[in-house]
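One structure below.
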There are 2 protein chains.
Amino acid sequence: MIGDPLPSERLEGQLLPKHLALPIFASDPLSSVAYAPQELLMILLLGGLSFLAFAPWVALAVVVLLVTVVLSYRQLVKAYPSGGGDYEVAHKNLGEKAGLVVASALLVDYVMTVVVSVASGVDNIISALPWLAPFRVELAVFFVIVLAAVNLRGVSESSKAFAIPTYIFIGSVFLMIVVGLGQTIFGTAPVAASAAYTVQGEQLTQAAIVLLLLRSFASGCSALTGVEAIANGVPAFRLPKVKNAQHTLVIMGGIAITLFVGLTALALISNVHYAENPCSLQGWAECATAPQLSLMAQIAAAVFGNSTIMFFLIQAATALVLLLAANTAFNGFPLLGSVLAKDGYAPKSLSTRGDRLIYSNGVLLLGLAAILILVVFQANLTVLIQLYIIGVFVSFTLGQTGMVRHWLRELKTPGAHRGSIVKSLSINALGAGMTGIVLVVVTITKFTHGAWIVFVMMPILFLLMMGVNRYYRDVATEVEADPTTTFGATGDHAIVLVGKVQKPVLKALDYAIAARHESLEAVHVSIDDEETKQVKKDWVRMNIQVPLRIIQSPYRDLSYPVIRHVKDRRAEHGSEVTTIYMPQYIVGHWWESLLHNHKARRIRQKLMLVHGVTIALVPWLLDSSDLLYGRRSRPLPGQDRRGEPVRPVPRAPMPPAMITTTTVAPPPVAPGVSRPAASRRRKRK
Amino acid sequence: MIGDPLPSERLEGQLLPKHLALPIFASDPLSSVAYAPQELLMILLLGGLSFLAFAPWVALAVVVLLVTVVLSYRQLVKAYPSGGGDYEVAHKNLGEKAGLVVASALLVDYVMTVVVSVASGVDNIISALPWLAPFRVELAVFFVIVLAAVNLRGVSESSKAFAIPTYIFIGSVFLMIVVGLGQTIFGTAPVAASAAYTVQGEQLTQAAIVLLLLRSFASGCSALTGVEAIANGVPAFRLPKVKNAQHTLVIMGGIAITLFVGLTALALISNVHYAENPCSLQGWAECATAPQLSLMAQIAAAVFGNSTIMFFLIQAATALVLLLAANTAFNGFPLLGSVLAKDGYAPKSLSTRGDRLIYSNGVLLLGLAAILILVVFQANLTVLIQLYIIGVFVSFTLGQTGMVRHWLRELKTPGAHRGSIVKSLSINALGAGMTGIVLVVVTITKFTHGAWIVFVMMPILFLLMMGVNRYYRDVATEVEADPTTTFGATGDHAIVLVGKVQKPVLKALDYAIAARHESLEAVHVSIDDEETKQVKKDWVRMNIQVPLRIIQSPYRDLSYPVIRHVKDRRAEHGSEVTTIYMPQYIVGHWWESLLHNHKARRIRQKLMLVHGVTIALVPWLLDSSDLLYGRRSRPLPGQDRRGEPVRPVPRAPMPPAMITTTTVAPPPVAPGVSRPAASRRRKRK
């Protein structure tokens with residue numbers, strides 16, 4: 001159905017069945033019910049206790065929006081199953097700029113997913129273990145470091161261990177809702193610890209009331225964060241990918257709505273009073289010293305009792321699922337990076353599969369940004385949520401708008417299935433409209449509460465990506481082969497740089513001899529008389545049949561005398577190619593590379609600036625490099641979501657059918673690179 | 001007199017005359033009089049006002065020690081003029097371990113020089129501008145960042161701009177002492193702002209009194225920090241280097257003693273009462289809110305008046321000279337690194353002249369360590385001084401002990417000048433004894449006050465350096481050419497890796513053709529059908545006469561198919577050398593390197609692990625690389641102290657006399673690297 005360029009039978013085993021895909025992709029959207037009801041009710045409570053009466057209506061609006069968004073993404077999954085998500089849709093349908101706006105929004109989102117999930121996770125840990133309250137920020141930073149370390153080390157998300165916490169979370173919270181509602185029906189409704197505290201509402205104008213309701217709605221919309229995760233992960237699903245992904249999306253939506261509604265209802269029934277400023281809660285003496293318990297913790301304590309196993313289980317599962325949600329950002333970030341790189345908006349290296357160095361940098365960057373934000377905002381969940389929602393709704397709105405464009409274009413295609421297209425179109429149009437309105441609401445209500453930072457960061461990222469794109473385009477023009485491209489080097493000289501006469505140099509010398517250059521010489525730059533004497537002595541002792549040229553360097557510079565020598569030769573011999581042989585140490589430990597090759601690298605960099613020079617690196621494998629052979633490749637962040645096998649299975653020998661030798665040799669009209677000598681080369685030794 | 005391996009007449013212009021060497025090397029030792037008297041008196045004051053009567057005696061002890069140390073270093077300069085300082089002396093005379101102890105002490109010292117000088121500088125700035133008091137730590141961190149930035153950028157210490165603040169400092173403080181003493185003689189002795197405050201002394205036991213006096217002496221010994229700077233800078237002096245350095249050392253000692261004694265005397269005359277805990281000063285109401293003025297500021301205010309130009313001049317000169325002292329550490333650090341590297345105790349790269357990357361890392365490391373310590377100890381000068389003195393006296397003591405050993409050995413040399421040697425010996429023995437006693441005193445009195453940190457850091461650095469040394473030794477054994485070393489590669493195949501047919505690849509192809517390998521093929525790894533089709537089309541269109549081999553990579557891995565291919569060939573052709581040509585982009589901006597060469601680097605790293613492979617890098621200079629040609633080399637930290645010219649003067653063409661070609665070709669007994677083909681190569685095109 002969807003073109004699968006990898007041998008399917010082998011890959012299928014690596015792909016995710018629905019019962020694993022659900023927990024892996026849903027930890028992000030489902031974990032948001034841990035904070036969404038709390039933030040929704042908290043904003044309402046700013047108006048006083050009586051405002052809680054609006055809660056069911058605000059929650060209903062959130063649910064309607066959630067249903068719309070889930071249905072919209074069902075369409076998106078069908079139309080764009082390659083995992084590019086909102087970015088791909090906006091890019092293809094609304095153009096480059098819209099795509100980059102979405103991309104920058106998503107990049108900000110990944111950081112905020114880490115930040116908000118970790119902050120909320122710590123909040124729930126502290127609610128269970130209040131003595132940890134003084135270490136809120138430290139704990140949050142600790143968890144980010146742990147997540148970064150795990151992802152730097154490499155971990156396969158598709159393992160079952162990742163699925164268990166999500167299922168425990170869903171199961172235990174669902175059980176809590178059922179038990180709580182049961183207790184209510186049987187007349188012993190749960191009562192929250194904060195039920196007795198009252199809040200003095202301010203006198204609000206009509207306009208202020210509307211604004212407060214809108215703010216509450218905007219905060220409740222944090223329940224929608226992460227819904228796009230499945231749309232980005234379609235390639236990781238088992239066949240039929242689209243069907244499976246759509247199905248999983250709907251199941252996830254159903255669970256999210258159930259949990260969101262259930263938790264909001266239980267909070268209202270048990271009279272959870274959660275305040276932005278704890279000391280506005282009248283009747284609570286220790287407001288300044290004790291931490292305010294999270295809504296989840298208050299409900300769990302009300303339903304199951306304060307120190308019961310179920311209470312701790314729910315808190316632990318909530319914290320774990322939130323940390324898993326943070327982990328998804330560490331996986332999504334490199335994935336988006338590779339999509340952007342493929343389109344030329346990010347360094348091409350990001351699209352190189354398996355470049356651990358690149359992924360490491362991405363993980364470190366994400367971790368550092370998250371830590372910075374957590375420290376600056378003191379891991380305060382309420383403030384952080386403000387920053388989060390903007391980015392989410394920017395990508396929602398542009399993605400859905402792109403879908404509308406997509407269906408409009410499809411409609412014009414002759415022979416299109418008009419009926420189903422119109423249905424899809426209207427769903428996405430509704431989604432675009434609603435998320436657009438919410439974006440406006442969120443922007444208005446949150447801008448002064450910190451969301452302006454997002455509006456600073458997004459343009460910076462946008463401009464960076466545009467700059468990278470322009471740069472690559474310029475370079476491509478610069479290196480494009482044009483009809484006037486001629487090279488035509490003539491002459492072939494080789495130099496072996498000799499420092500000390502050691503095995504690596506002897507190997508380089510051996511290779512240089514084997515390459516049968518027209519002329520070959522060994523060059524030693526003398527900066528230390530003792531060393532030079534030793535080199536001469538070794539040369540004689542070993543009876544090396546290559547002329548040794550010793551160049552004095554009165555200023556102790558190693559590269560300049562060689563450069564001078566090459567230039568002098570070139571002045572004499574015309575456009576000669578000079579191959580300079582240098583030994584290169586290959587080491588097994590990262591720290592060994594601090595101890596080798598620096599001098600050689602410097603000389604190489606300078607020599608490469610000279611016309612006609614090629615550097616031939618002759619590797620010398622130190623004993624420690626054996627480690628490199630035994631080293632297993634570890635899973636990279638985002639690999640599972642991409643639906644890629646863990647390693648390129650390099651054991652089986654390549655079947656000969658895959659190697660096709662195409663020798664092309666028509667009449668000569670060539671630009672420089674053709675030359676009569678080429679025929680000589682065909683006869684093999 | 002001392003062997004000067006560089007063309008002297010050209011270099012002489014770069015070397016320092018005494019009137020410039022004094023301020024450059026003396027900013028560190030002279031600036032210490034800004035804090036030494038203050039710390040000395042402050043500790044005495046812990047015992048109550050009456051203890052200030054001991055001050056002259058304690059100061060006298062410090063002066064005697066200072067004289068001894070200066071005279072000791074006069075001997076050291078004569079015996080070891082190469083700039084290795086205490087490290088070299090200890091290493092050569094007391095063995096490897098003692099040398100490394102000194103080296104680790106010096107490394108700690110460099111960090112502490114930055115920390116203490118900056119902290120004291122900020123203290124004096126705050127004394128002049130008290131409204132800056134709340135930003136003490138921020139200011140200190142800011143100055144460290146500025147210093148690091150200046151040194152990363154590169155700045156020549158030998159410029160006159162560096163000399164002026166030191167002379168202003170010496171001149172203005174000297175003037176202040178003269179004026180203050182004059183006022184005293186004429187009966188209008190200066191009165192410090194804190195003269196009226198009294199201190200309630202505790203009842204002290206006999207032992208506690210002795211301990212307090214010793215602590216005061218230990219703190220006063222901070223006046224000795226930096227004295228070794230001149231001994232490390234001998235190579236930078238004009239000829240006759242030793243005479244000039246010795247002379248400068250004595251002048252510096254004289255100035256330091258004058259300033260130290262003068263400031264201590266004025267502080268006692270004007271009744272400066274500086275307390276460790278400001279609120280122990282009875283009669284000072286704002287002790288908790290206002291900053292305590294530094295001793296320097298109190299004297300300046302007492303002598304010249306509170307807001308006079310002279311007051312601000314002295315504070316500004318003091319702060320500046322302290323920042324210059326901090327700057328010396330940024331210069332000394334790479335210098336010590338290069339000496340250690342030459343001896344094999346630090347990465348060899350540190351001895352590479354002009355590797356800006358290495359120096360940058362050193363500067364960054366030093367800056368970060370200083371910032372960390374400043375933040376942890378809140379830029380509290382009194383606490384930081386405790387950490388400082390230990391390291392200083394460790395290197396003093398071991399250096400002087402090494403000198404004693406040196407002279408004892410000299411005595412045994414037949415025909416030695418016994419008289420002068422015995423004199424030198426006794427001076428150094430006195431120095432070793434006194435600094436040894438002070439080291440014990442300092443350790444006892446400061447250990448619990450934070451000096452234990454130094455005793456943790458030093459062994460760590462010691463073990464690191466030992467480890468590096470052992471590693472290099474092992475590698476040297478591993479790569480040593482032994483009689484059984486044979487290589488004997490036969491066969492010569494070349495592969496040009498082709499991604500897209502662009503200019504860089506065409507250039508690589510051209511060079512590969514020019515190198516006339518026995519066989520040559522172009523290899524394209526196909527991971528994208530579109531791209532492969534384009535490559536094939538270009539190949540035909542451009543009529544390239546090199547066979548093109550296309551290898552399908554079903555797992556989208558770029559290196560594995562090539563490795564497979566090389567191994568298959570090797571299985572068929574025996575120990576063949578395969579030269580793999582890869583284009584390499586050369587760029588002009590640092591950020592461009594983020595956007596290029598990563599994929600190539602990864603492939604290269606994997607290919608280098610295959611037996612018989614040489615990587616030929618064919619540089620492609622992007623337009624931006626033009627920048628590299630115009631780039632002037634900037635001075636490196638430590639260059640001036642090393643007595644090196646700023647750049648290797650590469651304009652004049654090298655005279656032919658400097659190029660000596662030594663061709664050695666005696667009878668054949670060779671280990672592998674000789675082969676008959678070598679003769680063919682001698683005839684040039």
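Convention: chains lettered A, B, ... in structure tokens order; per-chain residue numbering from 1; ligands numbered from 1 as shown.
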
Quick one: residues within 8 Å of Ser624 (chain A), only C-alpha atoms, excluding same-chain residues fewer than 6 positions away - as a PyMOL selection string? chain A and resi 587-589

Within 12 Å of Val383 (chain A), counting only C-alpha atoms, which residues show up once you throw out same-chain ones fewer than 2 positions away? Write them as a count of residues only, please. 30

Picked from region 420-646 of chain A by DSSP as helix (DSSP H, G or I), as number ranges by chain: A: 420-449, 452-479, 503-514, 529-542, 559-573, 590-594, 598-607, 623-630, 639-642

Generate a file of the selected residues that holds C-alpha atoms, formatted as a compact mmCIF listing (two decimals), in the first residue's frame.
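New file out_19.txt:
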```txt
# COMPACT_ATOMS: atom_id res chain seq x y z
CA SER A 420 -15.36 11.22 0.49
CA ILE A 421 -13.17 14.22 -0.36
CA VAL A 422 -15.87 16.68 0.63
CA LYS A 423 -16.28 14.80 3.91
CA SER A 424 -12.56 14.94 4.61
CA LEU A 425 -12.44 18.56 3.52
CA SER A 426 -15.17 19.60 5.90
CA ILE A 427 -13.57 17.76 8.83
CA ASN A 428 -10.24 19.47 8.22
CA ALA A 429 -11.89 22.83 7.60
CA LEU A 430 -13.68 22.53 10.94
CA GLY A 431 -10.39 21.51 12.56
CA ALA A 432 -8.52 24.42 10.97
CA GLY A 433 -11.21 26.89 11.98
CA MET A 434 -11.44 25.73 15.57
CA THR A 435 -7.69 25.43 16.16
CA GLY A 436 -7.26 28.83 14.49
CA ILE A 437 -9.73 30.42 16.89
CA VAL A 438 -8.06 28.72 19.83
CA LEU A 439 -4.67 29.97 18.60
CA VAL A 440 -6.00 33.52 18.66
CA VAL A 441 -7.53 32.98 22.10
CA VAL A 442 -4.36 31.41 23.45
CA THR A 443 -2.19 34.16 22.02
CA ILE A 444 -4.36 36.92 23.48
CA THR A 445 -4.72 35.34 26.90
CA LYS A 446 -1.20 34.02 27.27
CA PHE A 447 0.97 36.59 25.53
CA THR A 448 1.83 38.67 28.58
CA HIS A 449 2.05 35.53 30.74
CA TRP A 452 5.99 36.27 24.09
CA ILE A 453 9.19 34.27 24.54
CA VAL A 454 7.83 31.75 22.05
CA PHE A 455 7.17 34.59 19.63
CA VAL A 456 10.82 35.60 19.93
CA MET A 457 12.24 32.11 19.57
CA MET A 458 10.15 31.04 16.58
CA PRO A 459 11.32 33.77 14.18
CA ILE A 460 14.94 33.12 15.17
CA LEU A 461 14.59 29.43 14.34
CA PHE A 462 12.70 30.33 11.17
CA LEU A 463 15.48 32.64 9.97
CA LEU A 464 18.16 30.10 10.84
CA MET A 465 16.43 27.45 8.73
CA MET A 466 15.95 29.87 5.84
CA GLY A 467 19.63 30.81 6.07
CA VAL A 468 20.76 27.19 5.96
CA ASN A 469 18.57 26.62 2.92
CA ARG A 470 19.93 29.63 1.08
CA TYR A 471 23.47 28.60 1.92
CA TYR A 472 23.06 25.08 0.55
CA ARG A 473 21.46 26.48 -2.56
CA ASP A 474 24.40 28.85 -3.14
CA VAL A 475 26.93 26.07 -2.63
CA ALA A 476 25.05 23.78 -5.00
CA THR A 477 25.24 26.49 -7.66
CA GLU A 478 28.92 26.96 -6.93
CA VAL A 479 29.87 23.30 -7.34
CA LYS A 503 55.68 1.87 11.94
CA PRO A 504 52.90 4.25 10.83
CA VAL A 505 55.35 6.22 8.68
CA LEU A 506 56.84 3.02 7.25
CA LYS A 507 53.34 1.87 6.32
CA ALA A 508 52.65 5.18 4.61
CA LEU A 509 55.94 4.85 2.76
CA ASP A 510 55.02 1.31 1.71
CA TYR A 511 51.65 2.43 0.36
CA ALA A 512 53.21 5.35 -1.47
CA ILE A 513 55.64 2.98 -3.13
CA ALA A 514 52.84 0.59 -4.04
CA ASP A 529 68.52 18.56 15.47
CA GLU A 530 68.51 15.46 17.63
CA GLU A 531 65.37 14.13 16.01
CA THR A 532 66.68 14.85 12.52
CA LYS A 533 69.91 13.01 13.25
CA GLN A 534 67.88 10.01 14.41
CA VAL A 535 65.75 10.06 11.25
CA LYS A 536 68.85 10.10 9.05
CA LYS A 537 70.37 7.26 11.04
CA ASP A 538 67.18 5.17 10.78
CA TRP A 539 66.96 5.85 7.07
CA VAL A 540 70.41 4.43 6.52
CA ARG A 541 69.97 1.58 8.97
CA MET A 542 66.75 0.41 7.36
CA SER A 559 53.61 23.13 7.57
CA TYR A 560 55.15 26.22 6.01
CA PRO A 561 58.37 24.58 4.71
CA VAL A 562 56.33 21.81 3.06
CA ILE A 563 53.98 24.33 1.48
CA ARG A 564 56.98 26.28 0.19
CA HIS A 565 58.46 23.10 -1.24
CA VAL A 566 55.23 22.09 -3.00
CA LYS A 567 54.80 25.56 -4.45
CA ASP A 568 58.40 25.63 -5.65
CA ARG A 569 57.90 22.27 -7.36
CA ARG A 570 54.68 23.47 -8.91
CA ALA A 571 56.37 26.60 -10.22
CA GLU A 572 58.86 24.27 -11.88
CA HIS A 573 56.61 21.45 -13.05
CA TRP A 590 37.17 8.73 22.67
CA TRP A 591 39.79 10.17 25.03
CA GLU A 592 42.62 8.77 22.94
CA SER A 593 41.63 11.08 20.14
CA LEU A 594 42.53 13.97 22.46
CA HIS A 598 46.29 17.15 16.26
CA LYS A 599 49.59 18.15 14.76
CA ALA A 600 48.77 16.13 11.65
CA ARG A 601 45.32 17.73 11.40
CA ARG A 602 46.82 21.21 11.51
CA ILE A 603 49.39 20.44 8.85
CA ARG A 604 46.71 18.79 6.73
CA GLN A 605 44.43 21.82 6.98
CA LYS A 606 47.19 24.11 5.80
CA LEU A 607 48.40 21.82 3.02
CA ASP A 623 45.78 -1.89 19.38
CA SER A 624 42.96 -0.12 21.16
CA SER A 625 41.10 0.32 17.85
CA ASP A 626 40.12 -3.34 18.11
CA LEU A 627 37.33 -2.01 20.28
CA LEU A 628 35.76 -0.39 17.24
CA TYR A 629 35.20 -3.78 15.62
CA GLY A 630 33.41 -5.29 18.55
CA GLN A 639 14.75 5.30 15.14
CA ASP A 640 11.67 3.36 16.23
CA ARG A 641 9.32 6.13 15.16
CA ARG A 642 10.97 6.23 11.79
```

Pick from B:Pro347, B:Pro23, B:Gly415, B:Pro637 nearest to chain A, counting only C-alpha atoms: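 Closest candidate: B:Pro347.
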
Counting only C-alpha atoms, the residue of B:Trp57, B:Phe51, B:Pro165, B:Leu76 that sits nearest Val404 (chain B): B:Leu76

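Atom to atom, CA of Gly95 (chain B) and CA of Thr401 (chain B) stand 11.7 Å apart.
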
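From CA of Ile257 (chain A) back to CA of Ile125 (chain A), the distance works out to 24.1 Å.
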
Mind pulling up the distance from CA of Leu595 (chain B) to CA of Lys348 (chain A)?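 Those two atoms sit 6.4 Å apart.
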
Have a look at A:Leu322, A:Ala163, A:Met582, A:Ile230 and name the one nearest to chain B; count only C-alpha atoms.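 The answer is A:Met582, which sits nearest to chain B.
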
Between A:Leu364, A:Ala370, A:Ala325, A:Leu350, which is the closest to chain B once you count only C-alpha atoms? A:Leu350
